[in-house]
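**Student:** Below is the file input_14.txt, with compact mmCIF, C-alpha atoms and all ligand atoms.
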# COMPACT_ATOMS: atom_id res chain seq x y z
CA MET A 1 13.23 29.79 -10.64
CA GLU A 2 14.11 28.25 -7.30
CA GLN A 3 12.78 24.71 -6.78
CA ALA A 4 10.73 25.83 -3.76
CA ASN A 5 8.92 28.37 -5.95
CA LEU A 6 7.89 25.86 -8.62
CA PRO A 7 4.09 25.51 -8.89
CA GLY A 8 2.87 22.43 -7.00
CA TYR A 9 6.16 22.06 -5.08
CA ARG A 10 5.73 20.03 -1.85
CA ARG A 11 7.91 19.19 1.15
CA VAL A 12 7.09 15.67 2.27
CA LEU A 13 8.05 13.57 5.29
CA LEU A 14 7.70 9.95 4.10
CA LEU A 15 7.49 7.08 6.59
CA GLY A 16 8.15 3.54 5.27
CA ARG A 17 10.25 4.75 2.34
CA HIS A 18 12.02 1.38 1.94
CA GLY A 19 8.80 -0.66 1.69
CA LEU A 20 6.97 -1.93 -1.41
CA LEU A 21 4.84 1.21 -1.75
CA GLY A 22 7.25 3.61 0.00
CA SER A 23 9.97 2.96 -2.61
CA ASP A 24 7.67 3.94 -5.48
CA LEU A 25 6.33 6.92 -3.53
CA TRP A 26 9.91 8.14 -3.14
CA SER A 27 10.54 7.78 -6.91
CA GLU A 28 7.27 9.54 -7.79
CA PHE A 29 7.86 12.48 -5.41
CA ASP A 30 11.44 12.73 -6.65
CA ARG A 31 10.23 12.75 -10.29
CA ARG A 32 8.03 15.72 -9.38
CA LYS A 33 11.11 17.42 -7.85
CA TRP A 34 9.51 17.59 -4.40
CA SER A 35 11.63 17.77 -1.27
CA ILE A 36 11.50 14.36 0.52
CA THR A 37 12.70 13.40 3.97
CA GLY A 38 12.55 9.65 4.57
CA PRO A 39 13.97 8.61 7.93
CA LYS A 40 14.69 4.92 8.50
CA ARG A 41 12.95 3.08 11.34
CA GLY A 42 15.94 3.57 13.73
CA GLU A 43 16.33 7.26 12.87
CA PHE A 44 12.81 8.33 13.78
CA ASP A 45 10.08 6.42 15.59
CA PRO A 46 6.69 8.12 16.07
CA LEU A 47 5.98 5.68 18.92
CA ILE A 48 8.77 7.27 21.00
CA GLU A 49 7.78 10.49 22.74
CA ALA A 50 11.22 12.07 22.34
CA ASP A 51 10.99 11.54 18.57
CA ARG A 52 7.50 13.05 18.45
CA LEU A 53 8.92 16.05 20.31
CA ARG A 54 11.66 16.36 17.69
CA LEU A 55 8.95 16.37 15.03
CA ALA A 56 6.87 18.98 16.85
CA ARG A 57 9.99 21.17 17.31
CA ARG A 58 10.57 20.86 13.58
CA SER A 59 14.02 19.29 14.11
CA LEU A 60 13.40 16.91 11.19
CA GLY A 61 12.38 19.83 8.97
CA GLU A 62 9.39 21.85 7.89
CA PHE A 63 6.83 19.93 5.83
CA ASP A 64 3.64 20.46 3.85
CA TRP A 65 2.61 16.79 4.09
CA VAL A 66 3.45 13.77 6.22
CA VAL A 67 2.82 10.51 4.32
CA ASN A 68 2.59 7.24 6.22
CA ALA A 69 3.42 4.15 4.15
CA ALA A 70 4.94 2.38 7.18
CA ALA A 71 2.98 -0.55 8.57
CA TYR A 72 3.17 -4.03 10.02
CA THR A 73 2.16 -5.94 6.88
CA ASP A 74 2.60 -9.63 7.76
CA VAL A 75 -1.10 -10.59 7.62
CA ASP A 76 -0.61 -14.10 9.04
CA GLY A 77 2.16 -13.04 11.45
CA ALA A 78 -0.17 -10.46 13.01
CA GLU A 79 -2.33 -13.26 14.45
CA SER A 80 0.52 -14.21 16.82
CA HIS A 81 2.20 -10.75 17.02
CA VAL A 82 -0.81 -8.72 18.08
CA THR A 83 1.17 -6.11 20.05
CA GLU A 84 3.51 -5.36 17.13
CA ALA A 85 0.62 -5.20 14.65
CA MET A 86 -1.38 -2.86 16.87
CA ALA A 87 1.66 -0.66 17.56
CA GLY A 88 2.58 -0.32 13.87
CA ASN A 89 -0.89 -0.14 12.37
CA ALA A 90 -3.16 1.36 15.04
CA ILE A 91 -1.04 3.44 17.46
CA LEU A 92 1.68 4.76 15.13
CA PRO A 93 -0.68 6.40 12.59
CA GLY A 94 -2.66 8.01 15.43
CA ALA A 95 0.57 9.40 16.92
CA LEU A 96 1.58 10.85 13.55
CA ALA A 97 -1.86 12.41 13.13
CA ALA A 98 -1.54 14.02 16.59
CA SER A 99 1.86 15.48 15.62
CA CYS A 100 0.35 16.88 12.42
CA ALA A 101 -2.53 18.38 14.42
CA GLN A 102 0.14 20.23 16.47
CA THR A 103 2.30 21.41 13.58
CA GLY A 104 -0.47 22.13 11.07
CA TRP A 105 1.04 19.80 8.46
CA LYS A 106 -1.30 17.78 6.28
CA PHE A 107 -1.37 14.02 6.78
CA LEU A 108 -1.95 11.14 4.36
CA HIS A 109 -2.21 7.59 5.71
CA VAL A 110 -2.48 4.30 3.80
CA CYS A 111 -5.10 1.72 4.81
CA SER A 112 -6.15 -1.74 3.60
CA ASP A 113 -9.12 -3.51 1.98
CA TYR A 114 -8.80 -6.15 4.74
CA VAL A 115 -10.86 -3.86 7.01
CA TYR A 116 -13.90 -5.29 5.19
CA ASP A 117 -15.36 -8.77 5.76
CA GLY A 118 -15.69 -9.42 2.02
CA ALA A 119 -19.32 -10.53 2.20
CA LYS A 120 -21.00 -7.49 0.61
CA GLY A 121 -21.28 -9.00 -2.87
CA SER A 122 -20.70 -5.67 -4.69
CA PRO A 123 -17.92 -3.05 -4.64
CA TYR A 124 -17.25 -1.44 -1.25
CA THR A 125 -17.67 2.30 -0.95
CA GLU A 126 -15.97 4.44 1.69
CA SER A 127 -19.16 4.65 3.76
CA ASP A 128 -19.57 0.87 4.10
CA PRO A 129 -19.03 -0.40 7.66
CA MET A 130 -15.68 -1.96 8.46
CA ALA A 131 -15.84 -5.52 9.86
CA PRO A 132 -12.34 -7.03 9.72
CA LEU A 133 -11.83 -10.81 9.92
CA SER A 134 -8.19 -10.72 11.05
CA ILE A 135 -5.91 -8.99 13.58
CA TYR A 136 -4.16 -7.24 10.67
CA GLY A 137 -7.51 -5.96 9.36
CA LYS A 138 -8.57 -4.89 12.85
CA SER A 139 -5.28 -3.04 13.42
CA LYS A 140 -5.64 -1.23 10.08
CA MET A 141 -9.25 -0.31 10.91
CA MET A 142 -8.17 1.12 14.27
CA GLY A 143 -5.35 3.03 12.56
CA ALA A 144 -7.77 4.71 10.15
CA GLN A 145 -10.17 5.48 13.02
CA ASN A 146 -7.35 6.91 15.17
CA VAL A 147 -6.14 9.09 12.29
CA LEU A 148 -9.54 10.56 11.38
CA GLY A 149 -10.60 10.78 15.04
CA THR A 150 -7.49 12.83 15.82
CA LEU A 151 -7.28 14.83 12.62
CA PRO A 152 -10.50 14.86 10.55
CA GLU A 153 -8.67 16.83 7.80
CA ALA A 154 -6.35 13.85 7.22
CA VAL A 155 -6.60 11.82 4.01
CA VAL A 156 -6.81 8.02 4.34
CA ILE A 157 -6.10 6.13 1.12
CA ARG A 158 -7.54 2.61 1.27
CA THR A 159 -5.92 0.28 -1.24
CA SER A 160 -5.68 -3.43 -2.05
CA TRP A 161 -3.52 -6.30 -3.36
CA LEU A 162 -0.31 -4.32 -3.95
CA TYR A 163 2.46 -5.45 -6.26
CA GLY A 164 5.66 -3.72 -7.32
CA VAL A 165 9.30 -4.43 -7.93
CA HIS A 166 10.79 -3.02 -4.74
CA GLY A 167 9.60 -5.52 -2.16
CA ARG A 168 7.73 -8.75 -1.51
CA SER A 169 4.38 -9.25 -3.23
CA PHE A 170 2.29 -12.14 -4.53
CA PRO A 171 3.31 -11.74 -8.24
CA ARG A 172 7.02 -11.72 -7.32
CA THR A 173 6.69 -14.78 -5.07
CA LEU A 174 4.84 -16.57 -7.84
CA VAL A 175 7.44 -15.82 -10.53
CA GLU A 176 10.19 -16.96 -8.17
CA ALA A 177 8.30 -20.18 -7.37
CA PHE A 178 7.83 -20.83 -11.11
CA GLU A 179 11.52 -20.21 -11.84
CA ALA A 180 12.43 -22.56 -8.98
CA GLY A 181 10.39 -25.28 -10.68
CA LYS A 182 7.80 -25.54 -7.92
CA ALA A 183 4.26 -26.83 -8.49
CA LEU A 184 1.86 -23.89 -8.39
CA LYS A 185 -1.45 -23.99 -6.54
CA VAL A 186 -3.42 -20.80 -5.89
CA VAL A 187 -6.80 -20.00 -4.34
CA SER A 188 -9.57 -19.10 -6.78
CA ASP A 189 -12.36 -18.11 -4.38
CA GLN A 190 -10.96 -14.79 -3.10
CA SER A 191 -11.17 -11.72 -5.31
CA GLY A 192 -9.90 -8.18 -5.16
CA CYS A 193 -8.35 -5.38 -7.21
CA PRO A 194 -4.65 -5.90 -7.92
CA THR A 195 -2.84 -2.56 -7.66
CA SER A 196 0.54 -1.53 -9.03
CA THR A 197 2.52 0.45 -6.44
CA ARG A 198 3.84 2.62 -9.26
CA ASP A 199 0.28 3.55 -10.26
CA LEU A 200 -0.77 4.04 -6.64
CA ALA A 201 2.22 6.33 -6.05
CA ARG A 202 1.08 8.49 -8.98
CA VAL A 203 -2.45 8.67 -7.56
CA ILE A 204 -1.19 9.54 -4.06
CA ALA A 205 1.02 12.29 -5.47
CA ASP A 206 -1.98 13.65 -7.43
CA VAL A 207 -4.01 13.63 -4.20
CA ILE A 208 -1.25 15.51 -2.36
CA ALA A 209 -0.98 18.02 -5.21
CA MET A 210 -4.75 18.58 -5.01
CA GLY A 211 -5.22 18.53 -1.21
CA PRO A 212 -8.81 17.25 -1.08
CA ALA A 213 -11.18 17.37 1.89
CA GLY A 214 -10.27 15.04 4.76
CA GLY A 215 -11.69 11.51 4.86
CA THR A 216 -11.23 8.09 3.30
CA TYR A 217 -10.69 7.51 -0.42
CA HIS A 218 -10.44 4.14 -2.14
CA ALA A 219 -7.57 3.86 -4.62
CA CYS A 220 -6.87 0.60 -6.46
CA GLY A 221 -6.37 -0.95 -9.87
CA PRO A 222 -9.40 -0.83 -12.21
CA GLU A 223 -9.94 -4.59 -12.61
CA THR A 224 -11.08 -7.46 -10.41
CA ARG A 225 -9.26 -10.78 -10.27
CA THR A 226 -9.07 -13.85 -8.08
CA TRP A 227 -5.60 -14.74 -6.77
CA HIS A 228 -5.65 -17.59 -9.29
CA GLY A 229 -6.56 -15.21 -12.14
CA LEU A 230 -3.78 -12.83 -11.10
CA ALA A 231 -1.32 -15.74 -10.94
CA THR A 232 -2.19 -16.91 -14.45
CA GLU A 233 -1.90 -13.43 -15.95
CA THR A 234 1.35 -12.65 -14.16
CA LEU A 235 2.94 -15.84 -15.50
CA THR A 236 1.60 -15.20 -19.01
CA HIS A 237 3.42 -11.83 -19.05
CA TRP A 238 6.54 -13.31 -17.47
CA CYS A 239 6.70 -16.30 -19.83
CA SER A 240 6.13 -14.20 -22.96
CA LEU A 241 9.25 -12.17 -22.01
CA ALA A 242 11.23 -15.29 -21.16
CA GLY A 243 10.12 -17.20 -24.30
CA LYS A 244 8.67 -20.00 -22.15
CA ASP A 245 5.30 -21.74 -22.15
CA PRO A 246 3.07 -20.54 -19.30
CA PRO A 247 2.71 -23.29 -16.68
CA ASN A 248 -0.49 -24.81 -15.43
CA VAL A 249 -1.52 -23.11 -12.19
CA GLU A 250 -3.75 -25.39 -10.16
CA ALA A 251 -6.80 -23.70 -8.64
CA CYS A 252 -7.82 -24.48 -5.07
CA THR A 253 -10.25 -23.15 -2.47
CA THR A 254 -9.58 -21.17 0.70
CA HIS A 255 -10.61 -24.32 2.56
CA ASP A 256 -7.80 -26.27 0.83
CA TRP A 257 -5.22 -23.59 1.70
CA PRO A 258 -5.50 -22.86 5.44
CA THR A 259 -3.76 -19.71 6.73
CA ALA A 260 -3.37 -18.25 10.22
CA ALA A 261 -5.41 -15.16 9.29
CA LYS A 262 -8.90 -15.41 7.84
CA ARG A 263 -9.13 -13.48 4.57
CA PRO A 264 -12.18 -11.74 3.07
CA ALA A 265 -13.82 -13.42 0.06
CA SER A 266 -14.19 -10.28 -2.06
CA THR A 267 -12.88 -6.79 -1.36
CA VAL A 268 -13.51 -5.08 -4.67
CA LEU A 269 -13.33 -1.34 -3.96
CA SER A 270 -15.32 1.38 -5.70
CA THR A 271 -13.01 4.27 -6.67
CA ALA A 272 -15.85 6.61 -7.75
CA LYS A 273 -15.16 9.07 -4.91
CA LEU A 274 -11.55 9.53 -5.99
CA GLU A 275 -12.48 9.82 -9.66
CA ALA A 276 -15.07 12.48 -8.80
CA LEU A 277 -12.11 14.62 -7.68
CA GLY A 278 -10.82 14.47 -11.25
CA ILE A 279 -7.93 12.10 -10.48
CA ALA A 280 -7.21 9.81 -13.43
CA PRO A 281 -7.87 6.09 -12.89
CA MET A 282 -4.95 3.68 -12.87
CA ARG A 283 -3.75 1.81 -15.97
CA SER A 284 -5.23 -1.52 -17.06
CA LEU A 285 -3.97 -4.61 -15.24
CA ALA A 286 -2.41 -5.88 -18.51
CA GLU A 287 -0.37 -2.68 -18.89
CA SER A 288 0.80 -2.54 -15.28
CA LEU A 289 1.56 -6.27 -15.05
CA ALA A 290 3.54 -6.15 -18.32
CA GLU A 291 5.63 -3.30 -16.89
CA PHE A 292 6.08 -5.22 -13.63
CA ALA A 293 7.28 -8.31 -15.55
CA ARG A 294 9.76 -6.22 -17.59
CA SER A 295 11.15 -4.56 -14.45
CA LEU A 296 11.51 -7.93 -12.74
CA ARG A 297 13.31 -9.35 -15.79
CA ASP A 298 15.69 -6.35 -15.88
CA GLU A 299 16.40 -6.82 -12.17
CA LYS A 300 17.12 -10.54 -12.65
CA THR A 301 19.25 -10.00 -15.80
CA PRO A 302 22.35 -8.08 -14.72
CA GLU A 303 23.80 -5.86 -17.49
CA GLY A 304 26.88 -7.06 -19.39
N1 LIG B 401 0.98 -5.14 0.45
C1 LIG B 401 -0.33 -5.15 0.18
O1 LIG B 401 -0.83 -6.01 -0.58
C2 LIG B 401 -1.23 -4.10 0.78
C3 LIG B 401 -2.60 -4.14 0.48
C4 LIG B 401 -3.44 -3.16 1.02
C5 LIG B 401 -2.91 -2.15 1.80
N2 LIG B 401 -1.57 -2.15 2.08
C6 LIG B 401 -1.06 -1.06 2.92
O2 LIG B 401 -0.15 -0.29 2.13
C7 LIG B 401 0.86 0.28 2.97
C8 LIG B 401 2.23 -0.05 2.42
O3 LIG B 401 2.37 -1.47 2.44
P1 LIG B 401 3.66 -2.18 1.83
O4 LIG B 401 3.20 -3.47 1.24
O5 LIG B 401 4.45 -1.21 1.02
O6 LIG B 401 4.45 -2.53 3.17
P2 LIG B 401 5.94 -3.08 3.36
O7 LIG B 401 6.56 -3.41 2.05
O8 LIG B 401 5.87 -4.14 4.40
O9 LIG B 401 6.69 -1.81 3.93
C9 LIG B 401 6.35 -1.29 5.16
C10 LIG B 401 7.48 -0.38 5.61
O10 LIG B 401 7.11 0.10 6.89
C11 LIG B 401 8.26 0.09 7.70
N3 LIG B 401 7.84 -0.01 9.10
C12 LIG B 401 7.11 -1.01 9.68
N4 LIG B 401 6.91 -0.74 10.98
C13 LIG B 401 7.53 0.44 11.22
C14 LIG B 401 7.68 1.22 12.37
N5 LIG B 401 7.17 0.84 13.56
N6 LIG B 401 8.38 2.38 12.26
C15 LIG B 401 8.90 2.76 11.07
N7 LIG B 401 8.78 2.05 9.94
C16 LIG B 401 8.11 0.90 10.03
C17 LIG B 401 9.03 -1.12 7.26
O11 LIG B 401 10.36 -0.96 7.65
P3 LIG B 401 11.34 -2.19 7.81
O12 LIG B 401 11.81 -2.47 6.43
O13 LIG B 401 12.38 -1.65 8.73
O14 LIG B 401 10.53 -3.30 8.42
C18 LIG B 401 8.83 -1.07 5.74
O15 LIG B 401 9.81 -0.25 5.12
C19 LIG B 401 0.59 -0.27 4.37
O16 LIG B 401 -0.18 0.66 5.08
C20 LIG B 401 -0.26 -1.52 4.12
O17 LIG B 401 -1.06 -1.84 5.23
C21 LIG B 401 -0.72 -3.09 1.59
If you convert what's in this file into structure tokens, what do you get?
Ligand SMILES: NC(=O)c1ccc[n+]([C@@H]2O[C@H](COP(=O)([O-])OP(=O)(O)OC[C@H]3O[C@@H](n4cnc5c(N)ncnc54)[C@H](OP(=O)(O)O)[C@@H]3O)[C@@H](O)[C@H]2O)c1
**Tutor:**
Amino acid sequence: MEQANLPGYRRVLLLGRHGLLGSDLWSEFDRRKWSITGPKRGEFDPLIEADRLRLARRSLGEFDWVVNAAAYTDVDGAESHVTEAMAGNAILPGALAASCAQTGWKFLHVCSDYVYDGAKGSPYTESDPMAPLSIYGKSKMMGAQNVLGTLPEAVVIRTSWLYGVHGRSFPRTLVEAFEAGKALKVVSDQSGCPTSTRDLARVIADVIAMGPAGGTYHACGPETRTWHGLATETLTHWCSLAGKDPPNVEACTTHDWPTAAKRPASTVLSTAKLEALGIAPMRSLAESLAEFARSLRDEKTPEG
């Protein structure tokens, strides 16, 4: 049977394929034997009209889904690079949604828990109002609004606290700081749901395979941690592989650790809406973190 005739076969245009999440999305789509087109930033830019025209004329190909994992993700940098953050996170997704409205392709966009102010005191549901504290959060909120305002059939996946082996993330930075012998101090008064990009890629592929009604869906790991809790657990997994004693990680408060961008205190997300679709929840944090630690070790231990 030809690949294109396989049940569930999809043709996907993936933006941000070299990023933390984009790399695992590529692997997941590839594992499912889907056709993937993943132009680099210089090869295709949805902010340039000529490139949007190429998309509309189907010069890049014919697709079932366009998936946007591209974003300006420097949360602190966004405070002083407002134009870049707004272009990448607010305007770009809206432009892609408009192209999809023209071509009839389905669109999936990735959003962030930092659209919430973190003061709710219980898990956020998709209908809770957005009230971002930072430029990054505001740009991501505007992106989601632009997407659904332009193309209500689009799917917005809102996720949180990503980690994976193919890019920069808090667990990687922490392991590298530990290996460099640095003293470790981490905030213990911000909480969220750490999410493995490998697990999120599986969920996103399941969503694409299913093609649910348009709207926002929360998708994140099943457990809540503070940054300090995540740090301690990451190093426990890392040290058990390396045969070392886990270090002491000093806890501090947000007040003790000033950053350019204000961060929400708690952005635990309810994933009930996604689960009601029949999509399996992600693995436990212990399972995903153990896999992350093994992959990081394999990367840092060249064969031979
Ligand atoms: N990281 C987290 O903890 C987190 C948490 C919640 C939500 N999210 C969301 O999850 C999504 C994926 O995040 P990530 O951590 O995987 O991001 P990432 O590692 O920073 O990757 C983003 C990718 O987007 C590309 N990109 C940026 N601006 C672009 C533009 N104007 N045109 C084309 N490509 C562009 C980057 O390309 P270059 O390599 O060329 O810069 C990079 O490959 C984003 O929507 C983010 O907001 C992330």
**Student:** Edge lengths and centre in Å to one decimal, as JSON, is what I'm after for the box along x, y and z that holds all listed atoms of stretch 136-147 of chain A once 4 Å is added on each side.
**Tutor:**
{"center_x": -7.2, "center_y": 0.9, "center_z": 12.3, "size_x": 14.0, "size_y": 24.3, "size_z": 13.8}
**Student:** Find, counting only C-alpha atoms, the residue in A:Arg294, A:His218, A:Arg32, A:His81 that gets nearest to A:Cys111.
**Tutor:**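 Between A:Arg294, A:His218, A:Arg32, A:His81, the residue approaching A:Cys111 most closely is A:His218.
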**Student:** Show me which residues are within 6 Å of ligand LIG 401 (chain B) counting all atoms listed in the file, and format the list as a PyMOL selection string.
**Tutor:** chain A and resi 16-22+41+45+69-73+88+110-113+159-162+167
**Student:** Keeping only C-alpha atoms, write the selected residues to a file as an mmCIF file, in the coordinates of the input.
**Tutor:**
data_model
loop_
_atom_site.group_PDB
_atom_site.id
_atom_site.type_symbol
_atom_site.label_atom_id
_atom_site.label_comp_id
_atom_site.auth_asym_id
_atom_site.auth_seq_id
_atom_site.Cartn_x
_atom_site.Cartn_y
_atom_site.Cartn_z
ATOM 1 C CA GLY A 16 8.150 3.540 5.270
ATOM 2 C CA ARG A 17 10.250 4.750 2.340
ATOM 3 C CA HIS A 18 12.020 1.380 1.940
ATOM 4 C CA GLY A 19 8.800 -0.660 1.690
ATOM 5 C CA LEU A 20 6.970 -1.930 -1.410
ATOM 6 C CA LEU A 21 4.840 1.210 -1.750
ATOM 7 C CA GLY A 22 7.250 3.610 0.000
ATOM 8 C CA ARG A 41 12.950 3.080 11.340
ATOM 9 C CA ASP A 45 10.080 6.420 15.590
ATOM 10 C CA ALA A 69 3.420 4.150 4.150
ATOM 11 C CA ALA A 70 4.940 2.380 7.180
ATOM 12 C CA ALA A 71 2.980 -0.550 8.570
ATOM 13 C CA TYR A 72 3.170 -4.030 10.020
ATOM 14 C CA THR A 73 2.160 -5.940 6.880
ATOM 15 C CA GLY A 88 2.580 -0.320 13.870
ATOM 16 C CA VAL A 110 -2.480 4.300 3.800
ATOM 17 C CA CYS A 111 -5.100 1.720 4.810
ATOM 18 C CA SER A 112 -6.150 -1.740 3.600
ATOM 19 C CA ASP A 113 -9.120 -3.510 1.980
ATOM 20 C CA THR A 159 -5.920 0.280 -1.240
ATOM 21 C CA SER A 160 -5.680 -3.430 -2.050
ATOM 22 C CA TRP A 161 -3.520 -6.300 -3.360
ATOM 23 C CA LEU A 162 -0.310 -4.320 -3.950
ATOM 24 C CA GLY A 167 9.600 -5.520 -2.160
#
**Student:** Using all atoms listed in the file, which residue out of A:Val66, A:Ala98, A:Met130, A:Leu269 lies closest to A:Glu223?
**Tutor:**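 Selected residue with least distance to A:Glu223: A:Leu269.
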**Student:** I'd like a table as JSON lines: residues in stretch 102-183 of chain A with an atom no more than 10 Å from stretch 272-281 of chain A, each row giving the shortest atom pair and its distance in Å to one decimal, all atoms listed in the file counted, sorted by chain and rising residue number.
**Tutor:**
{"residue": "A:Thr125", "atom": "CA", "partner": "A:Lys273", "partner_atom": "CA", "distance": 8.2}
{"residue": "A:Glu126", "atom": "CA", "partner": "A:Lys273", "partner_atom": "CA", "distance": 8.1}
{"residue": "A:Ile157", "atom": "CA", "partner": "A:Leu274", "partner_atom": "CA", "distance": 9.6}
**Student:** Could you check how far atom CA of A:Leu60 sits from atom CA of A:Ala85, in Å to one decimal?
**Tutor:** 25.8 Å
**Student:** Taking all atoms listed in the file into account, name the residue in A:Ile135, A:Arg57, A:Ile208, A:Cys239 that is nearest to A:Ser80.
**Tutor:**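 Between A:Ile135, A:Arg57, A:Ile208, A:Cys239, the residue approaching A:Ser80 most closely is A:Ile135.
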**Student:** Write out as CSV the residues of stretch 67-127 of chain A that have any atom within 10 Å of an atom of stretch 146-156 of chain A, one row each with the nearest atom pair and its distance in Å to one decimal, counting all atoms listed in the file, sorted by chain and then rising number.
**Tutor:**
residue,atom,partner,partner_atom,distance
A:Val67,CA,A:Val155,CA,9.5
A:Asn68,CA,A:Val156,CA,9.6
A:Asn89,CA,A:Asn146,CA,10.0
A:Ala90,CA,A:Asn146,CA,7.0
A:Ile91,CA,A:Asn146,CA,7.6
A:Leu92,CA,A:Asn146,CA,9.3
A:Pro93,CA,A:Val147,CA,6.1
A:Gly94,CA,A:Val147,CA,4.8
A:Ala95,CA,A:Val147,CA,8.2
A:Leu96,CA,A:Val147,CA,8.0
A:Ala97,CA,A:Val147,CA,5.5
A:Ala98,CA,A:Thr150,CA,6.1
A:Ser99,CA,A:Leu151,CA,9.6
A:Cys100,CA,A:Leu151,CA,7.9
A:Ala101,CA,A:Leu151,CA,6.2
A:Gln102,CA,A:Leu151,CA,10.0
A:Trp105,CA,A:Ala154,CA,9.6
A:Lys106,CA,A:Ala154,CA,6.5
A:Phe107,CA,A:Ala154,CA,5.0
A:Leu108,CA,A:Val155,CA,4.7
A:His109,CA,A:Val156,CA,4.8
A:Val110,CA,A:Val156,CA,5.7
A:Cys111,CA,A:Val156,CA,6.5
A:Ser112,CA,A:Val156,CA,9.8
**Student:** Provide the atom CA of A:Leu285 to atom CA of A:Ala119 distance in Å, to one decimal place.
**Tutor:** 24.0 Å
**Student:** Which one is closest to A:Ala293: A:Pro171, A:Gly77, A:Gly229, A:Gly121? Count all atoms listed in the file.
**Tutor:**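 Of A:Pro171, A:Gly77, A:Gly229, A:Gly121, the one nearest A:Ala293, counting all atoms listed in the file, is A:Pro171.
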**Student:** Could you tell me how far atom CA of A:Ala78 sits from atom CA of A:Thr259, in Å to one decimal place?
**Tutor:** 11.7 Å
**Student:** What lies within 9 Å of A:Ala131 using only C-alpha atoms, ignoring chain neighbours under 6 positions off, as an MDAnalysis selection string?
**Tutor:** chainID A and resid 114:118 137:138 141
**Student:** With C-alpha atoms kept, could you save the residues just selected as a PDB file, in the frame of the given file?
**Tutor:**
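Now in result00.pdb:
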ATOM      1  CA  TYR A 114      -8.800  -6.150   4.740  1.00  0.00           C
ATOM      2  CA  VAL A 115     -10.860  -3.860   7.010  1.00  0.00           C
ATOM      3  CA  TYR A 116     -13.900  -5.290   5.190  1.00  0.00           C
ATOM      4  CA  ASP A 117     -15.360  -8.770   5.760  1.00  0.00           C
ATOM      5  CA  GLY A 118     -15.690  -9.420   2.020  1.00  0.00           C
ATOM      6  CA  GLY A 137      -7.510  -5.960   9.360  1.00  0.00           C
ATOM      7  CA  LYS A 138      -8.570  -4.890  12.850  1.00  0.00           C
ATOM      8  CA  MET A 141      -9.250  -0.310  10.910  1.00  0.00           C
TER       9      MET A 141
END
**Student:** Near stretch 247-253 of chain A, within 8 Å and counting all atoms listed in the file, which residues show up once chain neighbours fewer than 6 positions away are dropped, as a list in words?
**Tutor:**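 Residues near the query, excluding close chain neighbours: Phe178, Ala183, Leu184, Lys185, Val186, Val187, Ser188, Asp189, His228, Ala231, Thr232 and Leu235 of chain A.
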**Student:** Limited to C-alpha atoms, could you put the picked residues into a file as a PDB file, keeping the file's coordinate frame?
**Tutor:**
ATOM      1  CA  PHE A 178       7.830 -20.830 -11.110  1.00  0.00           C
ATOM      2  CA  ALA A 183       4.260 -26.830  -8.490  1.00  0.00           C
ATOM      3  CA  LEU A 184       1.860 -23.890  -8.390  1.00  0.00           C
ATOM      4  CA  LYS A 185      -1.450 -23.990  -6.540  1.00  0.00           C
ATOM      5  CA  VAL A 186      -3.420 -20.800  -5.890  1.00  0.00           C
ATOM      6  CA  VAL A 187      -6.800 -20.000  -4.340  1.00  0.00           C
ATOM      7  CA  SER A 188      -9.570 -19.100  -6.780  1.00  0.00           C
ATOM      8  CA  ASP A 189     -12.360 -18.110  -4.380  1.00  0.00           C
ATOM      9  CA  HIS A 228      -5.650 -17.590  -9.290  1.00  0.00           C
ATOM     10  CA  ALA A 231      -1.320 -15.740 -10.940  1.00  0.00           C
ATOM     11  CA  THR A 232      -2.190 -16.910 -14.450  1.00  0.00           C
ATOM     12  CA  LEU A 235       2.940 -15.840 -15.500  1.00  0.00           C
TER      13      LEU A 235
END
**Student:** From the list A:Trp227, A:Trp26, A:Trp257, A:Tyr163, which residue is nearest A:Ser295 when using all atoms listed in the file?
**Tutor:**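 Among the listed residues, the smallest separation from A:Ser295 belongs to A:Tyr163.
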**Student:** Taking into account all atoms listed in the file, which residue in the set A:Trp65, A:Trp34, A:Tyr217, A:Phe292 is nearest to A:Leu14?
**Tutor:**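 The shortest atom-to-atom distance to A:Leu14 comes from A:Trp65.
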**Student:** Neighbouring residues of A:Ser134 were defined as those with any atom within 8 Å, considering all atoms listed in the file; residues of the same chain fewer than 5 positions away were excluded. Please report them as a ChimeraX atom specification.
**Tutor:** /A:75,79,114,261-263
**Student:** Write the residues of the preceding selection, restricted to C-alpha atoms, as a PDB file, keeping the file's coordinate frame.
**Tutor:**
ATOM      1  CA  VAL A  75      -1.100 -10.590   7.620  1.00  0.00           C
ATOM      2  CA  GLU A  79      -2.330 -13.260  14.450  1.00  0.00           C
ATOM      3  CA  TYR A 114      -8.800  -6.150   4.740  1.00  0.00           C
ATOM      4  CA  ALA A 261      -5.410 -15.160   9.290  1.00  0.00           C
ATOM      5  CA  LYS A 262      -8.900 -15.410   7.840  1.00  0.00           C
ATOM      6  CA  ARG A 263      -9.130 -13.480   4.570  1.00  0.00           C
TER       7      ARG A 263
END
**Student:** So that I can check the surroundings of A:Glu287, please list as a PyMOL selection string every protein, DNA and RNA residue that reaches within 12 Å of it, counting all atoms listed in the file and ignoring chain neighbours fewer than 2 positions away.
**Tutor:** chain A and resi 195-196+198-199+221-223+233-234+237+282-285+289-294
**Student:** With a distance cut-off of 7 Å and only C-alpha atoms, select the neighbouring residues of A:Ala201, excluding the residue or stretch itself and same-chain residues fewer than 2 positions from it, and output the selection as a list of chain:residue names.
**Tutor:**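 Result of the neighbour search: A:Asp24, A:Leu25, A:Glu28, A:Thr197, A:Arg198, A:Asp199, A:Val203, A:Ile204, A:Ala205.
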